[in-house]
Amino acid sequence: MSDASYRDAIFSTPLDRVARFSFDERVVACFPDMIRRSVPGYGQILGMLGLIAQRHLRHGARVYDLGSSLGAGGLALAGQLAPDAFRYTGVDLSPAMVSRARETLAAECPDHAMEVLEGDIRQLEYQPASMIVLNFTLQFLPPQDREAVVARLFAALEPGGVLVLSEKIRAEDEQENAWLVERYHDFKRANGYSDLEISQKRTALENVLVPDTLAGHHARLDQAGFSRTHTWFQLLNFASLIAFKHEASRGGATPTPDEV
């Protein structure tokens, strides 16, 4: 197949009825192009995963990549870390994503310990982990389920572990939010999407992708027990946070700068 076959054109023709967005075979076939042209800063976020792991991951520990799609997070980590530095477990609900990710990781990272599970991150039996990556996944869960998921991830993290949470966000101020959405649509137009594609995809994602505010994310992480959180990246209405589970208890010693 030519490279053009992988270009995202799912919403390029008028549809009588726009179906709810799902990660099916059509999306899998064009997903790298879709996410590159649709998520500002995606490449930068992936590129930082290895650097964050080098700083905070216990050598040889498990890394969970939840909503792992085609395994881009695993590829990013394997590109910067030695095979014995970590054990990667990707988890995705889409059978098509899981199948393709397994093939890709086996071909690209044969010396690394990489597995991809098909499953619902709300029901997964988590093993102890030193790092958990949640890239643009929580936003697809019903809002009422998110608090419990984050609490379970906190429990799964080892003391000293970190959670990287990347999400599409909404601003609390309506005028600011409208400006961010407008500029995001400009970003998509600059990447070759038509107004028809932008409109139809927005309809398909309505009530499927429900964004939170940054304040809401930080409050949820704090409530789960994380001792400190940072918004380390934001471009338009897309952001990435890091949350720390310190070895000291909340009533213990104040973390040093190196620990945070």
# chains A, B, ... in the order shown; residues from 1 in each chain; ligands from 1
$ select_by_dssp --residues "range 127-247 of chain A" --states "strand (DSSP E or B)" --output "compact mmCIF listing (two decimals) with N, CA, C and O atoms, in the first residue's frame"
# COMPACT_ATOMS: atom_id res chain seq x y z
N ALA A 129 3.75 -1.03 39.70
CA ALA A 129 4.40 -0.33 38.59
C ALA A 129 5.14 0.89 39.13
O ALA A 129 4.76 1.47 40.14
N SER A 130 6.19 1.26 38.42
CA SER A 130 6.96 2.43 38.79
C SER A 130 6.57 3.65 37.97
O SER A 130 6.85 4.79 38.36
N MET A 131 5.92 3.42 36.83
CA MET A 131 5.50 4.52 35.95
C MET A 131 4.24 4.09 35.22
O MET A 131 4.14 2.95 34.73
N ILE A 132 3.27 4.98 35.16
CA ILE A 132 2.03 4.74 34.42
C ILE A 132 1.81 5.90 33.46
O ILE A 132 1.90 7.07 33.85
N VAL A 133 1.56 5.57 32.21
CA VAL A 133 1.31 6.57 31.17
C VAL A 133 -0.16 6.47 30.77
O VAL A 133 -0.64 5.38 30.43
N LEU A 134 -0.83 7.59 30.80
CA LEU A 134 -2.25 7.66 30.46
C LEU A 134 -2.40 8.79 29.43
O LEU A 134 -2.77 9.91 29.76
N ASN A 135 -2.05 8.47 28.18
CA ASN A 135 -2.02 9.49 27.14
C ASN A 135 -3.34 9.54 26.38
O ASN A 135 -3.66 8.64 25.59
N LEU A 157 0.83 2.16 41.83
CA LEU A 157 2.18 2.72 41.75
C LEU A 157 3.00 2.40 42.99
O LEU A 157 2.50 2.46 44.12
N GLU A 158 4.25 2.07 42.77
CA GLU A 158 5.17 1.90 43.86
C GLU A 158 5.47 3.27 44.50
O GLU A 158 5.33 4.30 43.85
N PRO A 159 5.87 3.29 45.76
CA PRO A 159 6.36 4.55 46.34
C PRO A 159 7.48 5.13 45.48
O PRO A 159 8.38 4.41 45.04
N GLY A 160 7.37 6.41 45.19
CA GLY A 160 8.33 7.05 44.30
C GLY A 160 7.95 6.99 42.84
O GLY A 160 8.65 7.53 41.98
N GLY A 161 6.82 6.33 42.52
CA GLY A 161 6.39 6.20 41.14
C GLY A 161 5.73 7.46 40.61
O GLY A 161 5.38 8.38 41.36
N VAL A 162 5.56 7.50 39.28
CA VAL A 162 4.96 8.67 38.64
C VAL A 162 3.86 8.26 37.67
O VAL A 162 3.91 7.19 37.06
N LEU A 163 2.88 9.15 37.54
CA LEU A 163 1.81 9.02 36.56
C LEU A 163 1.92 10.17 35.58
O LEU A 163 1.97 11.33 35.99
N VAL A 164 1.98 9.86 34.29
CA VAL A 164 1.96 10.87 33.24
C VAL A 164 0.58 10.85 32.62
O VAL A 164 0.14 9.83 32.08
N LEU A 165 -0.13 11.96 32.71
CA LEU A 165 -1.52 12.06 32.26
C LEU A 165 -1.62 13.16 31.21
O LEU A 165 -1.42 14.33 31.51
N SER A 166 -1.93 12.78 29.97
CA SER A 166 -2.08 13.73 28.88
C SER A 166 -3.53 13.74 28.42
O SER A 166 -4.12 12.67 28.24
N GLU A 167 -4.08 14.93 28.21
CA GLU A 167 -5.51 15.05 27.92
C GLU A 167 -5.81 16.27 27.06
O GLU A 167 -5.09 17.29 27.11
N LYS A 168 -6.88 16.18 26.31
CA LYS A 168 -7.51 17.38 25.76
C LYS A 168 -8.25 18.04 26.92
O LYS A 168 -8.90 17.36 27.71
N ILE A 169 -8.14 19.35 27.05
CA ILE A 169 -8.72 20.04 28.19
C ILE A 169 -9.68 21.13 27.72
O ILE A 169 -9.70 21.51 26.55
N ASP A 212 -11.99 17.51 30.68
CA ASP A 212 -12.02 18.17 31.99
C ASP A 212 -11.19 19.45 31.93
O ASP A 212 -10.43 19.68 30.98
N ARG A 228 2.21 15.55 44.81
CA ARG A 228 2.53 16.74 44.04
C ARG A 228 2.19 16.48 42.58
O ARG A 228 2.41 15.38 42.06
N THR A 229 1.67 17.51 41.89
CA THR A 229 1.38 17.40 40.46
C THR A 229 1.86 18.66 39.75
O THR A 229 1.86 19.75 40.33
N HIS A 230 2.27 18.48 38.51
CA HIS A 230 2.68 19.62 37.67
C HIS A 230 2.00 19.50 36.31
O HIS A 230 1.89 18.38 35.78
N THR A 231 1.61 20.63 35.74
CA THR A 231 1.30 20.68 34.32
C THR A 231 2.62 21.01 33.63
O THR A 231 3.09 22.14 33.69
N TRP A 232 3.23 20.02 33.01
CA TRP A 232 4.57 20.24 32.46
C TRP A 232 4.52 20.61 30.98
O TRP A 232 5.53 21.07 30.42
N PHE A 233 3.34 20.45 30.34
CA PHE A 233 3.25 20.76 28.91
C PHE A 233 1.83 21.21 28.59
O PHE A 233 0.86 20.62 29.07
N GLN A 234 1.71 22.26 27.77
CA GLN A 234 0.41 22.63 27.22
C GLN A 234 0.62 23.31 25.88
O GLN A 234 1.47 24.18 25.74
N LEU A 235 -0.15 22.89 24.90
CA LEU A 235 -0.20 23.55 23.60
C LEU A 235 -1.67 23.62 23.19
O LEU A 235 -2.31 22.58 23.00
N PHE A 238 -4.54 21.17 24.69
CA PHE A 238 -3.98 19.85 24.97
C PHE A 238 -2.86 20.02 25.99
O PHE A 238 -2.03 20.93 25.87
N ALA A 239 -2.86 19.18 27.00
CA ALA A 239 -1.91 19.35 28.10
C ALA A 239 -1.45 17.99 28.62
O ALA A 239 -2.11 16.96 28.41
N SER A 240 -0.32 18.00 29.30
CA SER A 240 0.19 16.80 29.95
C SER A 240 0.61 17.15 31.37
O SER A 240 1.26 18.18 31.60
N LEU A 241 0.21 16.30 32.31
CA LEU A 241 0.53 16.48 33.72
C LEU A 241 1.39 15.33 34.20
O LEU A 241 1.36 14.24 33.62
N ILE A 242 2.15 15.57 35.26
CA ILE A 242 2.87 14.50 35.92
C ILE A 242 2.52 14.55 37.40
O ILE A 242 2.44 15.63 37.99
N ALA A 243 2.25 13.38 37.97
CA ALA A 243 1.86 13.27 39.37
C ALA A 243 2.82 12.32 40.07
O ALA A 243 3.18 11.27 39.52
N PHE A 244 3.24 12.69 41.28
CA PHE A 244 4.28 11.97 42.01
C PHE A 244 3.69 11.27 43.24
O PHE A 244 2.94 11.88 44.00
$ closest_atom_pairs --of "range 36-145 of chain A" --to "range 179-194 of chain A" --cutoff "12 Å" --atoms "only C-alpha atoms" --output "Markdown table"
| residue | atom | partner | partner_atom | distance |
| --- | --- | --- | --- | --- |
| A:Arg36 | CA | A:Asn191 | CA | 8.9 |
| A:Arg37 | CA | A:Asn191 | CA | 5.6 |
| A:Ser38 | CA | A:Lys188 | CA | 6.1 |
| A:Val39 | CA | A:Lys188 | CA | 8.7 |
| A:Pro40 | CA | A:Phe187 | CA | 7.8 |
| A:Gly41 | CA | A:Phe187 | CA | 11.2 |
$ residues_around --residues "Pro110 in chain A" --least-positions-apart "6" --cutoff "10 Å" --atoms "only C-alpha atoms" --output "list in words"
Ala78, Pro83 and Thr104 of chain A
$ atom_distance --atom1 "CA of Gln127 in chain A" --atom2 "CA of Ser99 in chain A"
22.2 Å
$ atom_distance --atom1 "CA of Asp145 in chain A" --atom2 "CA of Ile121 in chain A"
10.7 Å
$ select_by_dssp --residues "range 204-248 of chain A" --states "alpha helix (DSSP H)" --output "PDB file with N, CA, C and O atoms, in the first residue's frame"
ATOM      1  N   ALA A 204     -18.952  13.366  15.691  1.00  0.00           N
ATOM      2  CA  ALA A 204     -18.708  11.967  16.049  1.00  0.00           C
ATOM      3  C   ALA A 204     -18.169  11.822  17.462  1.00  0.00           C
ATOM      4  O   ALA A 204     -18.435  10.827  18.146  1.00  0.00           O
ATOM      5  N   LEU A 205     -17.404  12.823  17.917  1.00  0.00           N
ATOM      6  CA  LEU A 205     -16.786  12.766  19.247  1.00  0.00           C
ATOM      7  C   LEU A 205     -17.672  13.328  20.357  1.00  0.00           C
ATOM      8  O   LEU A 205     -17.341  13.185  21.536  1.00  0.00           O
ATOM      9  N   LEU A 214      -8.061  21.753  33.629  1.00  0.00           N
ATOM     10  CA  LEU A 214      -6.803  21.432  34.299  1.00  0.00           C
ATOM     11  C   LEU A 214      -7.001  21.380  35.810  1.00  0.00           C
ATOM     12  O   LEU A 214      -6.463  20.504  36.492  1.00  0.00           O
ATOM     13  N   ALA A 215      -7.779  22.328  36.336  1.00  0.00           N
ATOM     14  CA  ALA A 215      -8.035  22.338  37.773  1.00  0.00           C
ATOM     15  C   ALA A 215      -8.730  21.054  38.209  1.00  0.00           C
ATOM     16  O   ALA A 215      -8.437  20.507  39.278  1.00  0.00           O
ATOM     17  N   GLY A 216      -9.640  20.556  37.385  1.00  0.00           N
ATOM     18  CA  GLY A 216     -10.332  19.314  37.703  1.00  0.00           C
ATOM     19  C   GLY A 216      -9.381  18.128  37.737  1.00  0.00           C
ATOM     20  O   GLY A 216      -9.476  17.260  38.610  1.00  0.00           O
ATOM     21  N   HIS A 217      -8.446  18.086  36.788  1.00  0.00           N
ATOM     22  CA  HIS A 217      -7.453  17.010  36.784  1.00  0.00           C
ATOM     23  C   HIS A 217      -6.581  17.064  38.037  1.00  0.00           C
ATOM     24  O   HIS A 217      -6.351  16.041  38.692  1.00  0.00           O
ATOM     25  N   HIS A 218      -6.092  18.246  38.357  1.00  0.00           N
ATOM     26  CA  HIS A 218      -5.222  18.373  39.524  1.00  0.00           C
ATOM     27  C   HIS A 218      -5.969  18.003  40.807  1.00  0.00           C
ATOM     28  O   HIS A 218      -5.412  17.342  41.684  1.00  0.00           O
ATOM     29  N   ALA A 219      -7.222  18.424  40.910  1.00  0.00           N
ATOM     30  CA  ALA A 219      -8.008  18.097  42.108  1.00  0.00           C
ATOM     31  C   ALA A 219      -8.207  16.587  42.232  1.00  0.00           C
ATOM     32  O   ALA A 219      -8.122  16.023  43.332  1.00  0.00           O
ATOM     33  N   ARG A 220      -8.473  15.917  41.124  1.00  0.00           N
ATOM     34  CA  ARG A 220      -8.684  14.466  41.149  1.00  0.00           C
ATOM     35  C   ARG A 220      -7.393  13.745  41.552  1.00  0.00           C
ATOM     36  O   ARG A 220      -7.425  12.787  42.334  1.00  0.00           O
ATOM     37  N   LEU A 221      -6.274  14.179  41.018  1.00  0.00           N
ATOM     38  CA  LEU A 221      -4.994  13.567  41.372  1.00  0.00           C
ATOM     39  C   LEU A 221      -4.665  13.784  42.843  1.00  0.00           C
ATOM     40  O   LEU A 221      -4.190  12.876  43.532  1.00  0.00           O
ATOM     41  N   ASP A 222      -4.940  14.982  43.326  1.00  0.00           N
ATOM     42  CA  ASP A 222      -4.698  15.277  44.737  1.00  0.00           C
ATOM     43  C   ASP A 222      -5.581  14.417  45.639  1.00  0.00           C
ATOM     44  O   ASP A 222      -5.126  13.870  46.657  1.00  0.00           O
ATOM     45  N   GLN A 223      -6.839  14.273  45.246  1.00  0.00           N
ATOM     46  CA  GLN A 223      -7.775  13.474  46.032  1.00  0.00           C
ATOM     47  C   GLN A 223      -7.347  12.013  46.074  1.00  0.00           C
ATOM     48  O   GLN A 223      -7.542  11.317  47.083  1.00  0.00           O
ATOM     49  N   ALA A 224      -6.742  11.517  44.994  1.00  0.00           N
ATOM     50  CA  ALA A 224      -6.295  10.128  44.949  1.00  0.00           C
ATOM     51  C   ALA A 224      -5.118   9.873  45.880  1.00  0.00           C
ATOM     52  O   ALA A 224      -4.855   8.724  46.241  1.00  0.00           O
TER      53      ALA A 224
END
$ atom_distance --atom1 "CA of Asp120 in chain A" --atom2 "CA of Leu75 in chain A"
21.7 Å
$ residues_around --residues "Phe31 in chain A" --least-positions-apart "3" --cutoff "9 Å" --atoms "only C-alpha atoms" --output "MDAnalysis selection string"
chainID A and resid 6:8 23 26:28 34:36 69:70
$ write_last_selection --atoms "N, CA and C atoms" --output "PDB file, in the first residue's frame"
ATOM      1  N   TYR A   6      -2.710   5.521   3.929  1.00  0.00           N
ATOM      2  CA  TYR A   6      -2.782   5.636   5.369  1.00  0.00           C
ATOM      3  C   TYR A   6      -3.216   7.035   5.814  1.00  0.00           C
ATOM      4  N   ARG A   7      -3.557   7.904   4.894  1.00  0.00           N
ATOM      5  CA  ARG A   7      -3.961   9.258   5.248  1.00  0.00           C
ATOM      6  C   ARG A   7      -5.375   9.238   5.808  1.00  0.00           C
ATOM      7  N   ASP A   8      -5.595  10.012   6.856  1.00  0.00           N
ATOM      8  CA  ASP A   8      -6.909  10.085   7.488  1.00  0.00           C
ATOM      9  C   ASP A   8      -7.878  10.836   6.586  1.00  0.00           C
ATOM     10  N   PHE A  23     -12.601   3.288  17.837  1.00  0.00           N
ATOM     11  CA  PHE A  23     -11.265   2.921  17.377  1.00  0.00           C
ATOM     12  C   PHE A  23     -11.330   1.585  16.630  1.00  0.00           C
ATOM     13  N   ARG A  26     -10.841   1.077  10.515  1.00  0.00           N
ATOM     14  CA  ARG A  26     -10.597   2.262   9.693  1.00  0.00           C
ATOM     15  C   ARG A  26      -9.684   3.243  10.411  1.00  0.00           C
ATOM     16  N   VAL A  27      -9.924   3.425  11.707  1.00  0.00           N
ATOM     17  CA  VAL A  27      -9.099   4.351  12.487  1.00  0.00           C
ATOM     18  C   VAL A  27      -7.689   3.792  12.647  1.00  0.00           C
ATOM     19  N   VAL A  28      -7.577   2.491  12.906  1.00  0.00           N
ATOM     20  CA  VAL A  28      -6.256   1.878  13.055  1.00  0.00           C
ATOM     21  C   VAL A  28      -5.418   2.097  11.796  1.00  0.00           C
ATOM     22  N   MET A  34      -3.685  10.451  11.645  1.00  0.00           N
ATOM     23  CA  MET A  34      -4.755  11.139  12.363  1.00  0.00           C
ATOM     24  C   MET A  34      -4.229  11.855  13.599  1.00  0.00           C
ATOM     25  N   ILE A  35      -3.459  11.139  14.406  1.00  0.00           N
ATOM     26  CA  ILE A  35      -3.029  11.734  15.668  1.00  0.00           C
ATOM     27  C   ILE A  35      -1.964  12.797  15.428  1.00  0.00           C
ATOM     28  N   ARG A  36      -1.132  12.615  14.410  1.00  0.00           N
ATOM     29  CA  ARG A  36      -0.120  13.619  14.093  1.00  0.00           C
ATOM     30  C   ARG A  36      -0.761  14.935  13.682  1.00  0.00           C
ATOM     31  N   SER A  69      -3.008   2.260  22.231  1.00  0.00           N
ATOM     32  CA  SER A  69      -3.244   2.340  20.785  1.00  0.00           C
ATOM     33  C   SER A  69      -2.229   1.469  20.036  1.00  0.00           C
ATOM     34  N   LEU A  70      -1.413   2.059  19.162  1.00  0.00           N
ATOM     35  CA  LEU A  70      -0.492   1.275  18.349  1.00  0.00           C
ATOM     36  C   LEU A  70       0.865   1.080  19.009  1.00  0.00           C
TER      37      LEU A  70
END
$ residues_around --residues "Gln54 in chain A" --least-positions-apart "5" --cutoff "10 Å" --atoms "only C-alpha atoms" --output "PyMOL selection string"
chain A and resi 48-49+59+77+80-81+85
$ decode --residues "range 230-243 of chain A" --atoms "all heavy atoms" --output "PDB file, in the first residue's frame"
ATOM      1  N   HIS A 230       2.275  18.484  38.510  1.00  0.00           N
ATOM      2  CA  HIS A 230       2.678  19.619  37.673  1.00  0.00           C
ATOM      3  C   HIS A 230       2.005  19.496  36.312  1.00  0.00           C
ATOM      4  O   HIS A 230       1.886  18.384  35.785  1.00  0.00           O
ATOM      5  CB  HIS A 230       4.187  19.664  37.428  1.00  0.00           C
ATOM      6  CG  HIS A 230       5.029  19.721  38.645  1.00  0.00           C
ATOM      7  ND1 HIS A 230       4.858  20.670  39.629  1.00  0.00           N
ATOM      8  CD2 HIS A 230       6.079  18.957  39.034  1.00  0.00           C
ATOM      9  CE1 HIS A 230       5.764  20.479  40.574  1.00  0.00           C
ATOM     10  NE2 HIS A 230       6.504  19.441  40.249  1.00  0.00           N
ATOM     11  N   THR A 231       1.609  20.627  35.740  1.00  0.00           N
ATOM     12  CA  THR A 231       1.304  20.677  34.317  1.00  0.00           C
ATOM     13  C   THR A 231       2.620  21.010  33.630  1.00  0.00           C
ATOM     14  O   THR A 231       3.091  22.138  33.689  1.00  0.00           O
ATOM     15  CB  THR A 231       0.250  21.745  33.989  1.00  0.00           C
ATOM     16  OG1 THR A 231      -0.957  21.464  34.704  1.00  0.00           O
ATOM     17  CG2 THR A 231      -0.047  21.776  32.491  1.00  0.00           C
ATOM     18  N   TRP A 232       3.229  20.019  33.014  1.00  0.00           N
ATOM     19  CA  TRP A 232       4.567  20.241  32.456  1.00  0.00           C
ATOM     20  C   TRP A 232       4.521  20.610  30.976  1.00  0.00           C
ATOM     21  O   TRP A 232       5.526  21.074  30.418  1.00  0.00           O
ATOM     22  CB  TRP A 232       5.446  19.006  32.661  1.00  0.00           C
ATOM     23  CG  TRP A 232       5.020  17.769  31.918  1.00  0.00           C
ATOM     24  CD1 TRP A 232       4.174  16.802  32.359  1.00  0.00           C
ATOM     25  CD2 TRP A 232       5.416  17.367  30.606  1.00  0.00           C
ATOM     26  NE1 TRP A 232       4.012  15.824  31.413  1.00  0.00           N
ATOM     27  CE2 TRP A 232       4.772  16.145  30.328  1.00  0.00           C
ATOM     28  CE3 TRP A 232       6.263  17.918  29.642  1.00  0.00           C
ATOM     29  CZ2 TRP A 232       4.932  15.474  29.120  1.00  0.00           C
ATOM     30  CZ3 TRP A 232       6.422  17.247  28.440  1.00  0.00           C
ATOM     31  CH2 TRP A 232       5.759  16.041  28.190  1.00  0.00           C
ATOM     32  N   PHE A 233       3.344  20.451  30.337  1.00  0.00           N
ATOM     33  CA  PHE A 233       3.246  20.763  28.909  1.00  0.00           C
ATOM     34  C   PHE A 233       1.832  21.209  28.592  1.00  0.00           C
ATOM     35  O   PHE A 233       0.864  20.617  29.070  1.00  0.00           O
ATOM     36  CB  PHE A 233       3.577  19.518  28.066  1.00  0.00           C
ATOM     37  CG  PHE A 233       3.471  19.743  26.576  1.00  0.00           C
ATOM     38  CD1 PHE A 233       4.563  20.185  25.856  1.00  0.00           C
ATOM     39  CD2 PHE A 233       2.277  19.532  25.901  1.00  0.00           C
ATOM     40  CE1 PHE A 233       4.478  20.405  24.483  1.00  0.00           C
ATOM     41  CE2 PHE A 233       2.170  19.750  24.536  1.00  0.00           C
ATOM     42  CZ  PHE A 233       3.283  20.180  23.830  1.00  0.00           C
ATOM     43  N   GLN A 234       1.708  22.255  27.773  1.00  0.00           N
ATOM     44  CA  GLN A 234       0.409  22.627  27.218  1.00  0.00           C
ATOM     45  C   GLN A 234       0.619  23.307  25.881  1.00  0.00           C
ATOM     46  O   GLN A 234       1.474  24.176  25.735  1.00  0.00           O
ATOM     47  CB  GLN A 234      -0.387  23.559  28.145  1.00  0.00           C
ATOM     48  CG  GLN A 234      -1.770  23.893  27.565  1.00  0.00           C
ATOM     49  CD  GLN A 234      -2.643  24.736  28.486  1.00  0.00           C
ATOM     50  OE1 GLN A 234      -2.307  24.974  29.646  1.00  0.00           O
ATOM     51  NE2 GLN A 234      -3.758  25.203  27.965  1.00  0.00           N
ATOM     52  N   LEU A 235      -0.153  22.895  24.901  1.00  0.00           N
ATOM     53  CA  LEU A 235      -0.203  23.549  23.599  1.00  0.00           C
ATOM     54  C   LEU A 235      -1.666  23.621  23.192  1.00  0.00           C
ATOM     55  O   LEU A 235      -2.313  22.584  22.999  1.00  0.00           O
ATOM     56  CB  LEU A 235       0.621  22.770  22.566  1.00  0.00           C
ATOM     57  CG  LEU A 235       0.669  23.338  21.142  1.00  0.00           C
ATOM     58  CD1 LEU A 235       1.131  24.786  21.137  1.00  0.00           C
ATOM     59  CD2 LEU A 235       1.600  22.495  20.271  1.00  0.00           C
ATOM     60  N   LEU A 236      -2.192  24.845  23.091  1.00  0.00           N
ATOM     61  CA  LEU A 236      -3.614  25.066  22.867  1.00  0.00           C
ATOM     62  C   LEU A 236      -4.414  24.328  23.936  1.00  0.00           C
ATOM     63  O   LEU A 236      -4.105  24.460  25.115  1.00  0.00           O
ATOM     64  CB  LEU A 236      -4.005  24.652  21.445  1.00  0.00           C
ATOM     65  CG  LEU A 236      -3.293  25.424  20.313  1.00  0.00           C
ATOM     66  CD1 LEU A 236      -3.709  24.880  18.950  1.00  0.00           C
ATOM     67  CD2 LEU A 236      -3.575  26.920  20.391  1.00  0.00           C
ATOM     68  N   ASN A 237      -5.416  23.560  23.544  1.00  0.00           N
ATOM     69  CA  ASN A 237      -6.257  22.876  24.540  1.00  0.00           C
ATOM     70  C   ASN A 237      -5.844  21.414  24.720  1.00  0.00           C
ATOM     71  O   ASN A 237      -6.689  20.539  24.922  1.00  0.00           O
ATOM     72  CB  ASN A 237      -7.738  22.985  24.168  1.00  0.00           C
ATOM     73  CG  ASN A 237      -8.025  22.586  22.734  1.00  0.00           C
ATOM     74  OD1 ASN A 237      -7.123  22.485  21.912  1.00  0.00           O
ATOM     75  ND2 ASN A 237      -9.288  22.356  22.427  1.00  0.00           N
ATOM     76  N   PHE A 238      -4.543  21.167  24.688  1.00  0.00           N
ATOM     77  CA  PHE A 238      -3.980  19.849  24.966  1.00  0.00           C
ATOM     78  C   PHE A 238      -2.863  20.021  25.994  1.00  0.00           C
ATOM     79  O   PHE A 238      -2.034  20.926  25.866  1.00  0.00           O
ATOM     80  CB  PHE A 238      -3.440  19.193  23.696  1.00  0.00           C
ATOM     81  CG  PHE A 238      -4.527  18.732  22.762  1.00  0.00           C
ATOM     82  CD1 PHE A 238      -5.198  19.639  21.963  1.00  0.00           C
ATOM     83  CD2 PHE A 238      -4.897  17.400  22.706  1.00  0.00           C
ATOM     84  CE1 PHE A 238      -6.221  19.227  21.112  1.00  0.00           C
ATOM     85  CE2 PHE A 238      -5.913  16.981  21.858  1.00  0.00           C
ATOM     86  CZ  PHE A 238      -6.581  17.893  21.067  1.00  0.00           C
ATOM     87  N   ALA A 239      -2.860  19.176  27.003  1.00  0.00           N
ATOM     88  CA  ALA A 239      -1.906  19.346  28.099  1.00  0.00           C
ATOM     89  C   ALA A 239      -1.454  17.989  28.616  1.00  0.00           C
ATOM     90  O   ALA A 239      -2.111  16.960  28.411  1.00  0.00           O
ATOM     91  CB  ALA A 239      -2.539  20.146  29.233  1.00  0.00           C
ATOM     92  N   SER A 240      -0.316  17.999  29.298  1.00  0.00           N
ATOM     93  CA  SER A 240       0.187  16.796  29.949  1.00  0.00           C
ATOM     94  C   SER A 240       0.613  17.146  31.366  1.00  0.00           C
ATOM     95  O   SER A 240       1.258  18.177  31.604  1.00  0.00           O
ATOM     96  CB  SER A 240       1.373  16.205  29.174  1.00  0.00           C
ATOM     97  OG  SER A 240       1.737  14.939  29.704  1.00  0.00           O
ATOM     98  N   LEU A 241       0.215  16.296  32.308  1.00  0.00           N
ATOM     99  CA  LEU A 241       0.527  16.479  33.722  1.00  0.00           C
ATOM    100  C   LEU A 241       1.391  15.328  34.196  1.00  0.00           C
ATOM    101  O   LEU A 241       1.361  14.238  33.620  1.00  0.00           O
ATOM    102  CB  LEU A 241      -0.753  16.521  34.567  1.00  0.00           C
ATOM    103  CG  LEU A 241      -1.777  17.630  34.342  1.00  0.00           C
ATOM    104  CD1 LEU A 241      -2.617  17.399  33.100  1.00  0.00           C
ATOM    105  CD2 LEU A 241      -2.707  17.735  35.556  1.00  0.00           C
ATOM    106  N   ILE A 242       2.146  15.571  35.255  1.00  0.00           N
ATOM    107  CA  ILE A 242       2.870  14.497  35.922  1.00  0.00           C
ATOM    108  C   ILE A 242       2.520  14.548  37.397  1.00  0.00           C
ATOM    109  O   ILE A 242       2.437  15.629  37.992  1.00  0.00           O
ATOM    110  CB  ILE A 242       4.399  14.598  35.699  1.00  0.00           C
ATOM    111  CG1 ILE A 242       5.101  13.383  36.310  1.00  0.00           C
ATOM    112  CG2 ILE A 242       4.968  15.914  36.213  1.00  0.00           C
ATOM    113  CD1 ILE A 242       6.548  13.220  35.866  1.00  0.00           C
ATOM    114  N   ALA A 243       2.246  13.384  37.967  1.00  0.00           N
ATOM    115  CA  ALA A 243       1.861  13.274  39.371  1.00  0.00           C
ATOM    116  C   ALA A 243       2.822  12.323  40.069  1.00  0.00           C
ATOM    117  O   ALA A 243       3.176  11.272  39.522  1.00  0.00           O
ATOM    118  CB  ALA A 243       0.421  12.762  39.489  1.00  0.00           C
TER     119      ALA A 243
END
